[in-house]
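**Q** The structure file entry_28.tsv (TSV, C-alpha atoms) is provided below.
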```
chain	number	residue	atom	x	y	z
A	1	MET	CA	18.70	-25.51	0.27
A	2	ALA	CA	20.80	-28.64	0.57
A	3	ASP	CA	23.44	-29.97	-1.85
A	4	HIS	CA	21.02	-32.38	-3.42
A	5	THR	CA	18.76	-29.57	-4.66
A	6	ALA	CA	18.96	-28.89	-8.41
A	7	LEU	CA	20.74	-25.66	-9.34
A	8	PRO	CA	17.88	-23.90	-11.23
A	9	LEU	CA	15.74	-24.37	-8.12
A	10	VAL	CA	18.47	-22.93	-5.88
A	11	VAL	CA	18.84	-19.91	-8.19
A	12	LEU	CA	15.09	-19.28	-8.25
A	13	THR	CA	14.92	-19.59	-4.44
A	14	GLU	CA	17.71	-17.02	-4.09
A	15	HIS	CA	15.81	-14.59	-6.31
A	16	PHE	CA	12.67	-14.95	-4.21
A	17	ALA	CA	14.71	-14.58	-0.99
A	18	ARG	CA	16.01	-11.21	-2.22
A	19	LEU	CA	12.46	-9.77	-2.19
A	20	PRO	CA	11.68	-7.67	0.90
A	21	GLY	CA	9.97	-9.61	3.70
A	22	ILE	CA	10.53	-13.00	2.04
A	23	GLY	CA	12.68	-15.30	4.20
A	24	LYS	CA	14.61	-18.40	3.15
A	25	LYS	CA	11.79	-20.82	4.01
A	26	THR	CA	9.12	-18.82	2.17
A	27	ALA	CA	11.43	-18.43	-0.83
A	28	GLU	CA	11.84	-22.23	-0.95
A	29	ARG	CA	8.08	-22.68	-0.77
A	30	LEU	CA	7.51	-20.16	-3.59
A	31	ALA	CA	10.14	-21.83	-5.80
A	32	TYR	CA	8.47	-25.24	-5.33
A	33	TYR	CA	5.13	-23.62	-6.11
A	34	ILE	CA	6.45	-22.17	-9.39
A	35	ILE	CA	7.63	-25.65	-10.47
A	36	SER	CA	4.15	-27.02	-9.80
A	37	GLN	CA	2.47	-24.41	-12.04
A	38	ASN	CA	1.90	-24.91	-15.75
A	39	ASP	CA	4.23	-23.45	-18.39
A	40	GLU	CA	1.85	-20.68	-19.49
A	41	ASP	CA	1.41	-19.28	-15.97
A	42	VAL	CA	5.15	-19.18	-15.31
A	43	SER	CA	5.81	-17.54	-18.70
A	44	ALA	CA	3.11	-14.95	-17.98
A	45	PHE	CA	4.69	-14.20	-14.59
A	46	ALA	CA	8.16	-13.75	-16.14
A	47	GLU	CA	6.65	-11.55	-18.84
A	48	ALA	CA	4.79	-9.45	-16.25
A	49	LEU	CA	8.10	-8.80	-14.43
A	50	LEU	CA	9.84	-7.68	-17.62
A	51	THR	CA	6.90	-5.60	-18.89
A	52	ALA	CA	6.42	-3.77	-15.59
A	53	LYS	CA	10.13	-3.00	-15.34
A	54	ARG	CA	10.30	-1.86	-18.99
A	55	GLU	CA	7.14	0.26	-19.16
A	56	ILE	CA	6.84	1.79	-15.71
A	57	HIS	CA	8.71	5.04	-15.05
A	58	TYR	CA	8.22	8.29	-13.17
A	59	CYS	CA	5.48	10.77	-14.15
A	60	LYS	CA	7.17	13.86	-15.64
A	61	CYS	CA	5.21	16.07	-13.25
A	62	CYS	CA	4.56	14.35	-9.88
A	63	GLN	CA	7.18	11.54	-10.09
A	64	ASN	CA	4.58	8.87	-9.30
A	65	LEU	CA	4.89	5.57	-11.19
A	66	THR	CA	3.12	5.46	-14.57
A	67	ASP	CA	3.38	3.87	-18.00
A	68	LYS	CA	2.48	7.18	-19.76
A	69	GLU	CA	4.35	10.48	-19.94
A	70	PHE	CA	2.10	11.94	-17.25
A	71	CYS	CA	0.16	9.92	-14.65
A	72	PRO	CA	-3.70	9.87	-14.72
A	73	ILE	CA	-3.87	12.13	-11.65
A	74	CYS	CA	-1.70	14.86	-13.22
A	75	GLU	CA	-3.71	14.51	-16.46
A	76	ASP	CA	-7.06	14.84	-14.67
A	77	ASP	CA	-8.61	18.32	-15.22
A	78	ARG	CA	-11.14	17.81	-12.42
A	79	ARG	CA	-8.42	17.78	-9.77
A	80	GLU	CA	-7.12	20.91	-8.05
A	81	HIS	CA	-3.66	21.37	-9.50
A	82	ASN	CA	-2.79	24.20	-7.10
A	83	THR	CA	-2.64	21.86	-4.07
A	84	ILE	CA	0.26	19.41	-3.87
A	85	CYS	CA	0.41	16.61	-1.33
A	86	VAL	CA	4.10	15.64	-0.84
A	87	VAL	CA	4.57	11.95	0.02
A	88	GLU	CA	7.46	9.53	0.44
A	89	SER	CA	6.42	6.80	-1.99
A	90	PRO	CA	3.81	5.69	-4.59
A	91	LYS	CA	2.22	3.51	-1.88
A	92	ASP	CA	1.30	6.68	0.00
A	93	VAL	CA	-0.47	8.07	-3.10
A	94	ALA	CA	-2.49	4.83	-3.20
A	95	ALA	CA	-3.34	5.26	0.51
A	96	PHE	CA	-4.63	8.84	0.01
A	97	GLU	CA	-6.57	7.83	-3.11
A	98	ARG	CA	-8.34	5.13	-1.09
A	99	THR	CA	-9.77	7.82	1.23
A	100	ASN	CA	-11.66	9.29	-1.78
A	101	GLU	CA	-11.42	12.65	-0.01
A	102	TYR	CA	-8.34	14.33	-1.46
A	103	ASN	CA	-8.85	16.18	-4.71
A	104	GLY	CA	-5.47	17.84	-5.19
A	105	VAL	CA	-2.38	16.38	-6.87
A	106	TYR	CA	0.73	14.70	-5.47
A	107	HIS	CA	4.49	14.86	-5.48
A	108	VAL	CA	6.40	11.65	-4.75
A	109	LEU	CA	9.84	12.16	-3.15
A	110	HIS	CA	10.93	8.51	-3.54
A	111	GLY	CA	12.49	8.37	-0.12
A	112	LEU	CA	13.10	10.40	3.04
A	113	ILE	CA	16.23	12.24	4.13
A	114	SER	CA	18.20	9.80	6.28
A	115	PRO	CA	21.93	10.57	6.61
A	116	LEU	CA	22.46	7.34	8.60
A	117	ASP	CA	21.19	5.31	5.64
A	118	GLY	CA	23.15	7.53	3.26
A	119	VAL	CA	20.03	9.20	1.78
A	120	MET	CA	20.78	12.87	1.22
A	121	PRO	CA	18.31	15.55	0.00
A	122	ASN	CA	19.76	15.58	-3.53
A	123	GLN	CA	18.75	11.92	-3.98
A	124	LEU	CA	15.08	12.78	-3.47
A	125	LYS	CA	12.77	14.44	-6.02
A	126	ILE	CA	12.97	17.79	-4.19
A	127	ARG	CA	14.41	19.73	-7.14
A	128	GLU	CA	11.43	18.61	-9.23
A	129	LEU	CA	9.04	19.82	-6.51
A	130	LEU	CA	10.70	23.27	-6.38
A	131	SER	CA	10.54	23.65	-10.16
A	132	ARG	CA	6.82	22.75	-10.12
A	133	ILE	CA	6.21	25.48	-7.54
A	134	GLN	CA	8.24	27.98	-9.55
A	135	ASN	CA	6.52	27.20	-12.85
A	136	GLN	CA	2.93	26.60	-11.77
A	137	ASP	CA	0.42	28.50	-9.69
A	138	ILE	CA	0.53	26.55	-6.40
A	139	SER	CA	-1.38	27.72	-3.33
A	140	GLU	CA	-0.74	24.93	-0.80
A	141	ILE	CA	1.87	22.26	-0.18
A	142	ILE	CA	0.74	19.52	2.23
A	143	MET	CA	3.72	17.75	3.80
A	144	ALA	CA	2.40	14.19	4.14
A	145	THR	CA	5.55	12.29	5.07
A	146	ASN	CA	5.38	9.71	7.89
A	147	PRO	CA	5.33	10.96	11.50
A	148	THR	CA	8.81	9.50	12.10
A	149	VAL	CA	12.20	11.12	12.67
A	150	GLU	CA	13.07	10.89	8.95
A	151	GLY	CA	9.57	11.96	7.87
A	152	ASP	CA	9.58	15.00	10.17
A	153	ALA	CA	13.14	15.97	9.19
A	154	THR	CA	12.28	15.75	5.48
A	155	ALA	CA	9.11	17.80	5.98
A	156	MET	CA	11.00	20.47	7.89
A	157	TYR	CA	13.84	20.58	5.37
A	158	ILE	CA	11.45	21.06	2.44
A	159	ALA	CA	9.37	23.60	4.42
A	160	SER	CA	12.54	25.67	4.99
A	161	LEU	CA	13.30	25.62	1.26
A	162	LEU	CA	9.75	26.75	0.49
A	163	LYS	CA	9.75	29.64	2.98
A	164	PRO	CA	10.90	32.33	0.47
A	165	MET	CA	8.47	31.07	-2.17
A	166	ASN	CA	5.22	32.52	-0.84
A	167	VAL	CA	3.27	29.27	-0.68
A	168	THR	CA	1.28	27.88	2.27
A	169	VAL	CA	2.97	24.79	3.70
A	170	THR	CA	0.90	22.51	5.95
A	171	ARG	CA	1.60	19.24	7.77
A	172	LEU	CA	-0.77	16.30	8.37
A	173	ALA	CA	-2.45	16.41	11.79
A	174	PHE	CA	-1.12	14.14	14.53
A	175	GLY	CA	-3.46	12.72	17.17
A	176	LEU	CA	-5.37	9.66	18.22
A	177	PRO	CA	-6.14	7.22	15.41
A	178	VAL	CA	-9.89	6.97	14.80
A	179	GLY	CA	-11.24	3.86	16.54
A	180	GLY	CA	-8.14	3.73	18.71
A	181	ILE	CA	-8.25	3.28	22.48
A	182	LEU	CA	-6.85	6.13	24.56
A	183	GLU	CA	-5.36	3.77	27.13
A	184	TYR	CA	-3.19	2.12	24.48
A	185	ALA	CA	-1.96	5.30	22.77
A	186	ASP	CA	1.74	6.02	23.24
A	187	GLU	CA	2.79	9.11	25.22
A	188	VAL	CA	3.92	11.18	22.21
A	189	THR	CA	0.67	10.55	20.32
A	190	LEU	CA	-1.39	11.41	23.39
A	191	TYR	CA	0.63	14.59	23.96
A	192	LYS	CA	0.13	15.59	20.30
A	193	ALA	CA	-3.61	14.89	20.60
A	194	LEU	CA	-3.80	17.11	23.69
A	195	GLU	CA	-1.65	19.86	22.17
A	196	ASN	CA	-3.66	19.96	18.92
A	197	ARG	CA	-7.09	19.73	20.62
A	198	ASN	CA	-9.97	21.40	18.77
A	199	LYS	CA	-13.04	23.34	19.96
A	200	MET	CA	-16.18	21.20	19.92
B	1	MET	CA	-4.79	-1.23	-6.57
B	2	ALA	CA	-6.67	1.92	-7.48
B	3	ASP	CA	-7.71	3.16	-10.94
B	4	HIS	CA	-4.75	5.50	-11.18
B	5	THR	CA	-2.25	2.62	-11.01
B	6	ALA	CA	-0.58	1.80	-14.32
B	7	LEU	CA	-1.70	-1.50	-15.90
B	8	PRO	CA	1.70	-3.29	-16.02
B	9	LEU	CA	2.00	-2.70	-12.28
B	10	VAL	CA	-1.51	-4.07	-11.67
B	11	VAL	CA	-0.71	-7.19	-13.74
B	12	LEU	CA	2.55	-7.79	-11.88
B	13	THR	CA	0.79	-7.33	-8.52
B	14	GLU	CA	-1.82	-9.90	-9.52
B	15	HIS	CA	0.91	-12.41	-10.38
B	16	PHE	CA	2.57	-11.94	-7.00
B	17	ALA	CA	-0.81	-12.19	-5.24
B	18	ARG	CA	-1.35	-15.63	-6.82
B	19	LEU	CA	1.67	-17.03	-4.96
B	20	PRO	CA	0.77	-19.01	-1.80
B	21	GLY	CA	0.85	-16.94	1.39
B	22	ILE	CA	1.23	-13.62	-0.45
B	23	GLY	CA	-1.68	-11.25	0.24
B	24	LYS	CA	-2.77	-8.22	-1.76
B	25	LYS	CA	-0.74	-5.72	0.31
B	26	THR	CA	2.45	-7.77	0.15
B	27	ALA	CA	1.97	-8.31	-3.59
B	28	GLU	CA	1.73	-4.53	-4.06
B	29	ARG	CA	4.91	-4.02	-2.03
B	30	LEU	CA	6.77	-6.65	-4.07
B	31	ALA	CA	5.63	-5.09	-7.37
B	32	TYR	CA	6.88	-1.66	-6.27
B	33	TYR	CA	10.15	-3.28	-5.17
B	34	ILE	CA	10.63	-4.86	-8.61
B	35	ILE	CA	10.21	-1.46	-10.28
B	36	SER	CA	12.89	-0.03	-7.99
B	37	GLN	CA	15.44	-2.71	-8.99
B	38	ASN	CA	17.80	-2.33	-11.94
B	39	ASP	CA	17.08	-3.92	-15.32
B	40	GLU	CA	19.67	-6.71	-14.98
B	41	ASP	CA	18.27	-7.97	-11.67
B	42	VAL	CA	14.70	-8.07	-12.98
B	43	SER	CA	15.80	-9.85	-16.17
B	44	ALA	CA	17.74	-12.37	-14.08
B	45	PHE	CA	14.67	-13.01	-11.93
B	46	ALA	CA	12.44	-13.55	-14.99
B	47	GLU	CA	15.09	-15.84	-16.49
B	48	ALA	CA	15.36	-17.83	-13.23
B	49	LEU	CA	11.59	-18.43	-13.30
B	50	LEU	CA	11.67	-19.70	-16.88
B	51	THR	CA	14.83	-21.78	-16.42
B	52	ALA	CA	13.59	-23.48	-13.26
B	53	LYS	CA	10.25	-24.29	-14.87
B	54	ARG	CA	11.91	-25.57	-18.07
B	55	GLU	CA	14.71	-27.65	-16.55
B	56	ILE	CA	13.27	-29.03	-13.34
B	57	HIS	CA	11.31	-32.29	-13.56
B	58	TYR	CA	10.78	-35.46	-11.54
B	59	CYS	CA	13.65	-37.92	-10.92
B	60	LYS	CA	12.94	-41.10	-12.92
B	61	CYS	CA	13.41	-43.17	-9.79
B	62	CYS	CA	12.30	-41.33	-6.62
B	63	GLN	CA	10.14	-38.56	-8.23
B	64	ASN	CA	11.99	-35.82	-6.35
B	65	LEU	CA	12.67	-32.61	-8.30
B	66	THR	CA	15.89	-32.59	-10.33
B	67	ASP	CA	17.40	-31.14	-13.51
B	68	LYS	CA	19.05	-34.47	-14.42
B	69	GLU	CA	17.53	-37.84	-15.37
B	70	PHE	CA	18.13	-39.15	-11.85
B	71	CYS	CA	18.51	-36.98	-8.72
B	72	PRO	CA	21.86	-36.86	-6.85
B	73	ILE	CA	20.48	-38.99	-4.00
B	74	CYS	CA	19.37	-41.83	-6.34
B	75	GLU	CA	22.74	-41.57	-8.15
B	76	ASP	CA	24.75	-41.75	-4.90
B	77	ASP	CA	26.34	-45.23	-4.45
B	78	ARG	CA	27.15	-44.56	-0.80
B	79	ARG	CA	23.46	-44.47	0.14
B	80	GLU	CA	21.46	-47.57	1.11
B	81	HIS	CA	19.20	-48.15	-1.86
B	82	ASN	CA	17.23	-50.90	-0.12
B	83	THR	CA	15.59	-48.45	2.33
B	84	ILE	CA	12.98	-46.07	0.93
B	85	CYS	CA	11.57	-43.16	2.94
B	86	VAL	CA	8.15	-42.25	1.48
B	87	VAL	CA	7.31	-38.54	1.81
B	88	GLU	CA	4.61	-36.16	0.64
B	89	SER	CA	6.76	-33.50	-1.05
B	90	PRO	CA	10.30	-32.45	-2.04
B	91	LYS	CA	10.33	-30.13	1.01
B	92	ASP	CA	10.17	-33.21	3.24
B	93	VAL	CA	13.23	-34.67	1.50
B	94	ALA	CA	15.07	-31.42	2.29
B	95	ALA	CA	13.93	-31.70	5.94
B	96	PHE	CA	15.28	-35.26	6.30
B	97	GLU	CA	18.54	-34.34	4.55
B	98	ARG	CA	19.06	-31.54	7.07
B	99	THR	CA	19.13	-34.10	9.91
B	100	ASN	CA	22.27	-35.64	8.29
B	101	GLU	CA	21.16	-38.93	9.84
B	102	TYR	CA	19.22	-40.72	7.13
B	103	ASN	CA	21.30	-42.68	4.65
B	104	GLY	CA	18.61	-44.43	2.61
B	105	VAL	CA	16.78	-43.11	-0.45
B	106	TYR	CA	13.39	-41.43	-0.87
B	107	HIS	CA	10.14	-41.67	-2.76
B	108	VAL	CA	8.13	-38.45	-3.22
B	109	LEU	CA	4.35	-38.96	-3.55
B	110	HIS	CA	3.63	-35.34	-4.59
B	111	GLY	CA	0.55	-35.11	-2.41
B	112	LEU	CA	-1.58	-37.02	0.08
B	113	ILE	CA	-4.83	-38.87	-0.47
B	114	SER	CA	-7.61	-36.39	0.29
B	115	PRO	CA	-11.01	-37.21	-1.27
B	116	LEU	CA	-12.44	-33.91	0.04
B	117	ASP	CA	-9.86	-31.96	-1.97
B	118	GLY	CA	-10.35	-34.31	-4.92
B	119	VAL	CA	-6.93	-35.98	-4.56
B	120	MET	CA	-7.31	-39.70	-5.24
B	121	PRO	CA	-4.56	-42.37	-4.95
B	122	ASN	CA	-4.04	-42.56	-8.72
B	123	GLN	CA	-2.92	-38.90	-8.76
B	124	LEU	CA	0.00	-39.67	-6.43
B	125	LYS	CA	3.25	-41.40	-7.39
B	126	ILE	CA	2.16	-44.69	-5.78
B	127	ARG	CA	2.39	-46.77	-8.98
B	128	GLU	CA	6.02	-45.68	-9.34
B	129	LEU	CA	6.71	-46.74	-5.74
B	130	LEU	CA	5.21	-50.20	-6.31
B	131	SER	CA	7.24	-50.72	-9.47
B	132	ARG	CA	10.45	-49.75	-7.61
B	133	ILE	CA	9.68	-52.38	-4.97
B	134	GLN	CA	8.92	-55.01	-7.62
B	135	ASN	CA	12.07	-54.32	-9.65
B	136	GLN	CA	14.64	-53.61	-6.93
B	137	ASP	CA	15.75	-55.37	-3.77
B	138	ILE	CA	13.99	-53.31	-1.10
B	139	SER	CA	14.10	-54.32	2.56
B	140	GLU	CA	12.29	-51.46	4.30
B	141	ILE	CA	9.72	-48.81	3.44
B	142	ILE	CA	9.49	-45.95	5.98
B	143	MET	CA	6.14	-44.18	5.75
B	144	ALA	CA	7.11	-40.59	6.57
B	145	THR	CA	3.94	-38.70	5.71
B	146	ASN	CA	2.69	-36.03	8.12
B	147	PRO	CA	0.91	-37.13	11.31
B	148	THR	CA	-2.40	-35.72	10.02
B	149	VAL	CA	-5.63	-37.38	8.89
B	150	GLU	CA	-4.50	-37.29	5.23
B	151	GLY	CA	-0.95	-38.35	6.09
B	152	ASP	CA	-2.13	-41.30	8.19
B	153	ALA	CA	-4.71	-42.36	5.60
B	154	THR	CA	-2.12	-42.27	2.81
B	155	ALA	CA	0.39	-44.24	4.93
B	156	MET	CA	-2.23	-46.88	5.74
B	157	TYR	CA	-3.42	-47.12	2.14
B	158	ILE	CA	0.13	-47.68	0.84
B	159	ALA	CA	0.92	-50.10	3.67
B	160	SER	CA	-2.11	-52.20	2.69
B	161	LEU	CA	-0.89	-52.31	-0.95
B	162	LEU	CA	2.58	-53.40	0.24
B	163	LYS	CA	1.30	-56.19	2.50
B	164	PRO	CA	1.56	-58.98	-0.13
B	165	MET	CA	5.01	-57.78	-1.25
B	166	ASN	CA	7.14	-59.14	1.58
B	167	VAL	CA	8.73	-55.85	2.58
B	168	THR	CA	8.99	-54.32	6.06
B	169	VAL	CA	6.80	-51.21	6.32
B	170	THR	CA	7.48	-48.82	9.22
B	171	ARG	CA	5.98	-45.48	10.30
B	172	LEU	CA	7.73	-42.49	11.89
B	173	ALA	CA	7.50	-42.44	15.70
B	174	PHE	CA	4.99	-40.09	17.31
B	175	GLY	CA	5.71	-38.56	20.71
B	176	LEU	CA	6.85	-35.40	22.44
B	177	PRO	CA	8.94	-33.04	20.30
B	178	VAL	CA	12.50	-32.74	21.63
B	179	GLY	CA	12.81	-29.56	23.69
B	180	GLY	CA	9.03	-29.41	24.00
B	181	ILE	CA	7.27	-28.81	27.31
B	182	LEU	CA	5.00	-31.61	28.52
B	183	GLU	CA	2.44	-29.18	29.90
B	184	TYR	CA	1.89	-27.65	26.44
B	185	ALA	CA	1.66	-30.94	24.51
B	186	ASP	CA	-1.78	-31.70	23.06
B	187	GLU	CA	-3.68	-34.73	24.39
B	188	VAL	CA	-3.16	-36.94	21.32
B	189	THR	CA	0.60	-36.33	21.26
B	190	LEU	CA	0.83	-37.02	25.01
B	191	TYR	CA	-1.19	-40.22	24.61
B	192	LYS	CA	1.06	-41.34	21.74
B	193	ALA	CA	4.16	-40.56	23.85
B	194	LEU	CA	2.76	-42.65	26.70
B	195	GLU	CA	1.65	-45.50	24.44
B	196	ASN	CA	5.03	-45.70	22.66
B	197	ARG	CA	7.16	-45.36	25.80
B	198	ASN	CA	10.58	-47.04	25.73
B	199	LYS	CA	12.61	-48.87	28.38
B	200	MET	CA	15.37	-46.68	29.81
```
Can you dump the structure from the file as structure tokens?
**A**
Amino acid sequence: MADHTALPLVVLTEHFARLPGIGKKTAERLAYYIISQNDEDVSAFAEALLTAKREIHYCKCCQNLTDKEFCPICEDDRREHNTICVVESPKDVAAFERTNEYNGVYHVLHGLISPLDGVMPNQLKIRELLSRIQNQDISEIIMATNPTVEGDATAMYIASLLKPMNVTVTRLAFGLPVGGILEYADEVTLYKALENRNKM
Amino acid sequence: MADHTALPLVVLTEHFARLPGIGKKTAERLAYYIISQNDEDVSAFAEALLTAKREIHYCKCCQNLTDKEFCPICEDDRREHNTICVVESPKDVAAFERTNEYNGVYHVLHGLISPLDGVMPNQLKIRELLSRIQNQDISEIIMATNPTVEGDATAMYIASLLKPMNVTVTRLAFGLPVGGILEYADEVTLYKALENRNKM
């Protein structure tokens, strides 16, 4: 923003611009929008920021975000607590829940191993996963990290740690996305689809 | 967000989703990002929202946003106070200031006449513009609203009010954008460029 712009507006714009995926122009637009709203709405927004930050923390069991000691999924008796789906982030839990098909529980790593970005295994919630497996009766661990270099590396690293623990470790299937067009699939996906072909 | 999501996170997501151009998915992403930030940053963001809303108001003269009684442009003696550029919003002031070419002052209407959206002339800062012209020595009014139906209608409406006031009213030039390619110009722009052609 230019010199003539009032300081509180510049500060607010900078805060918006720090959010992921929000550029300078969008941040400016959002700051102007805030000014145009009434006092109550802006106060409620500020309060929502503070409340969320204050009350949300990690579930003691699965490390997902919650405002209780344990999240509703870990508290739910109807779910199969012997199957753990290991994911990178809380967004992935939301994605699996939207399928309405998975009835086990989760473990959120809060990141993937990525030495180039300075993320080492001890920064992820891997210790917490191992202690769950040691202390509970777990039959299957589903490695549901992204099919990327970091996702695969993290899955393989955790699988190697779990080897001596006598628990089945599985990985999400790779193949053609449903509704996708074969012609537009990349080579690696197509190769995986061929390799993992099933009997009809 | 699904049932398992903690309420403070749902509330924060809803606040983000109310911002213009922010969809449900992006709002979710922003809410998760806020949780991942440290307490000080989130408090500073909330404080920036409240401060901007509390301290920013309209300049007594040009109606641009400012935290003082008069904005820095209206206070600046080096600017030509007898030329007023009439714009729709504070963003347009910022756009003109970026050109570094305009040395007059501004008047911000805070909207355009649009009966379909329920915006009537009395909701814009037109009265304030007329009183500036009556009380100050103004030689030129530049109508710099957007070249859209609403922008043109607003410019023409204000021009008709200014007719008896013995002040020159001008409109921004329409034509090809600099660096644009003739082949891709729309018909109306091309016609305007032809109609307003200049001697070389």
**Q** Quote the spacing between atom CA of Asp152 of chain B and atom CA of Gly179 of chain B in Å to one decimal place.
**A**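 Between atom CA of Asp152 of chain B and atom CA of Gly179 of chain B the gap is 24.5 Å.
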**Q** Quick one: everything within 9 Å of Ser43 of chain B, counting all atoms listed in the file, minus sequence neighbours fewer than 2 positions away in the same chain. Send it as a ChimeraX atom specification.
**A** /A:46,49-50,53 /B:38-41,45-48
**Q** Would you give me, as a tab-separated table, each residue of segment 58-176 of chain A having an atom within 9 Å of an atom of segment 189-195 of chain A, along with its shortest atom pair and that distance in Å to one decimal, using all atoms listed in the file and sorting by chain and residue number?
**A**
```
residue	atom	partner	partner_atom	distance
A:Ala173	CA	A:Lys192	CA	8.9
A:Phe174	CA	A:Lys192	CA	6.1
A:Gly175	CA	A:Ala193	CA	4.1
A:Leu176	CA	A:Ala193	CA	6.0
```
**Q** Keeping only C-alpha atoms, take the residues you just selected and write them out as a PDB file, keeping the file's coordinate frame.
**A**
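The resulting again-v4.pdb:
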```pdb
ATOM      1  CA  ALA A 173      -2.450  16.410  11.790  1.00  0.00           C
ATOM      2  CA  PHE A 174      -1.120  14.140  14.530  1.00  0.00           C
ATOM      3  CA  GLY A 175      -3.460  12.720  17.170  1.00  0.00           C
ATOM      4  CA  LEU A 176      -5.370   9.660  18.220  1.00  0.00           C
TER       5      LEU A 176
END
```
**Q** Enumerate, in order of chain and increasing residue number, the residues of chain A with an atom no farther than 6 Å from chain B, each with its shortest atom pair and distance in Å to one decimal, counting only C-alpha atoms, as a tab-separated table.
**A**
```
residue	atom	partner	partner_atom	distance
A:His4	CA	B:Pro72	CA	5.7
A:Ala6	CA	B:Thr66	CA	5.2
A:Pro8	CA	B:Ala52	CA	4.8
A:Leu9	CA	B:Ala52	CA	5.6
A:Leu12	CA	B:Ala48	CA	5.2
A:His15	CA	B:Phe45	CA	5.9
A:Ile35	CA	B:Lys53	CA	5.3
A:Phe45	CA	B:His15	CA	5.9
A:Ala46	CA	B:Ala46	CA	4.4
A:Ala48	CA	B:Leu12	CA	5.2
A:Ala52	CA	B:Pro8	CA	4.8
A:Lys53	CA	B:Ile35	CA	5.3
A:Thr66	CA	B:Ala6	CA	5.2
A:Asp67	CA	B:Ala6	CA	5.8
A:Pro72	CA	B:His4	CA	5.7
```
**Q** State, in Å with one decimal place, the distance from atom CA of Ser139 of chain B to atom CA of Asn82 of chain B.
**A**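 The value is 5.4 Å.
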**Q** Just how far from atom CA of Ala27 of chain A is atom CA of Gln123 of chain B, in Å to one decimal?
**A**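 Atom-to-atom, atom CA of Gln123 of chain B and atom CA of Ala27 of chain A are spaced 26.2 Å apart.
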**Q** I'd like to know which of A:Glu101, A:Asp186, A:Glu140, A:Glu75 is closest to Lys60 of chain A, using all atoms listed in the file.
**A**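 Using all atoms listed in the file, Lys60 of chain A sits closest to A:Glu75.
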**Q** Considering all atoms listed in the file, can you say which of B:Ala17, B:Val86, B:Leu182, B:Ile126 comes closest to Ala144 of chain B?
**A**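 Among B:Ala17, B:Val86, B:Leu182, B:Ile126, it is B:Val86 that comes nearest to Ala144 of chain B.
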**Q** Could you pull out every residue with an atom within 12 Å of (7.4, -40.8, -1.9), file coordinates, counting all atoms listed in the file, and send them as a PyMOL selection string?
**A** chain B and resi 58-59+61-65+83-93+105-112+124-130+132+141-145+151+154-155+158
**Q** Pick the closest to Val167 of chain A from A:Glu69, A:Glu150, A:Glu80, A:Asp137: which is it, counting only C-alpha atoms?
**A**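 The shortest atom-to-atom distance to Val167 of chain A comes from A:Asp137.
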**Q** Model the absent atoms of segment 169-180 of chain B so that N, CA and C atoms are present, and write the result as a compact mmCIF listing (two decimals), in the frame of the given file.
**A**
```
# COMPACT_ATOMS: atom_id res chain seq x y z
N VAL B 169 7.32 -52.58 6.41
CA VAL B 169 6.80 -51.21 6.32
C VAL B 169 6.81 -50.61 7.72
N THR B 170 7.47 -49.47 7.91
CA THR B 170 7.48 -48.82 9.22
C THR B 170 6.88 -47.42 9.11
N ARG B 171 6.57 -46.84 10.27
CA ARG B 171 5.98 -45.48 10.30
C ARG B 171 6.84 -44.67 11.26
N LEU B 172 7.00 -43.38 10.99
CA LEU B 172 7.73 -42.49 11.89
C LEU B 172 7.14 -42.58 13.29
N ALA B 173 7.99 -42.43 14.33
CA ALA B 173 7.50 -42.44 15.70
C ALA B 173 6.76 -41.15 16.02
N PHE B 174 5.69 -41.27 16.81
CA PHE B 174 4.99 -40.09 17.31
C PHE B 174 5.30 -39.95 18.79
N GLY B 175 5.45 -38.78 19.29
CA GLY B 175 5.71 -38.56 20.71
C GLY B 175 5.99 -37.09 20.95
N LEU B 176 6.57 -36.80 22.11
CA LEU B 176 6.85 -35.40 22.44
C LEU B 176 7.96 -34.87 21.55
N PRO B 177 7.83 -33.64 21.05
CA PRO B 177 8.94 -33.04 20.30
C PRO B 177 10.10 -32.76 21.26
N VAL B 178 11.32 -32.97 20.78
CA VAL B 178 12.50 -32.74 21.63
C VAL B 178 12.58 -31.25 21.97
N GLY B 179 12.78 -30.95 23.25
CA GLY B 179 12.81 -29.56 23.69
C GLY B 179 11.42 -29.03 24.00
N GLY B 180 10.39 -29.84 23.74
CA GLY B 180 9.03 -29.41 24.00
C GLY B 180 8.72 -29.48 25.49
```
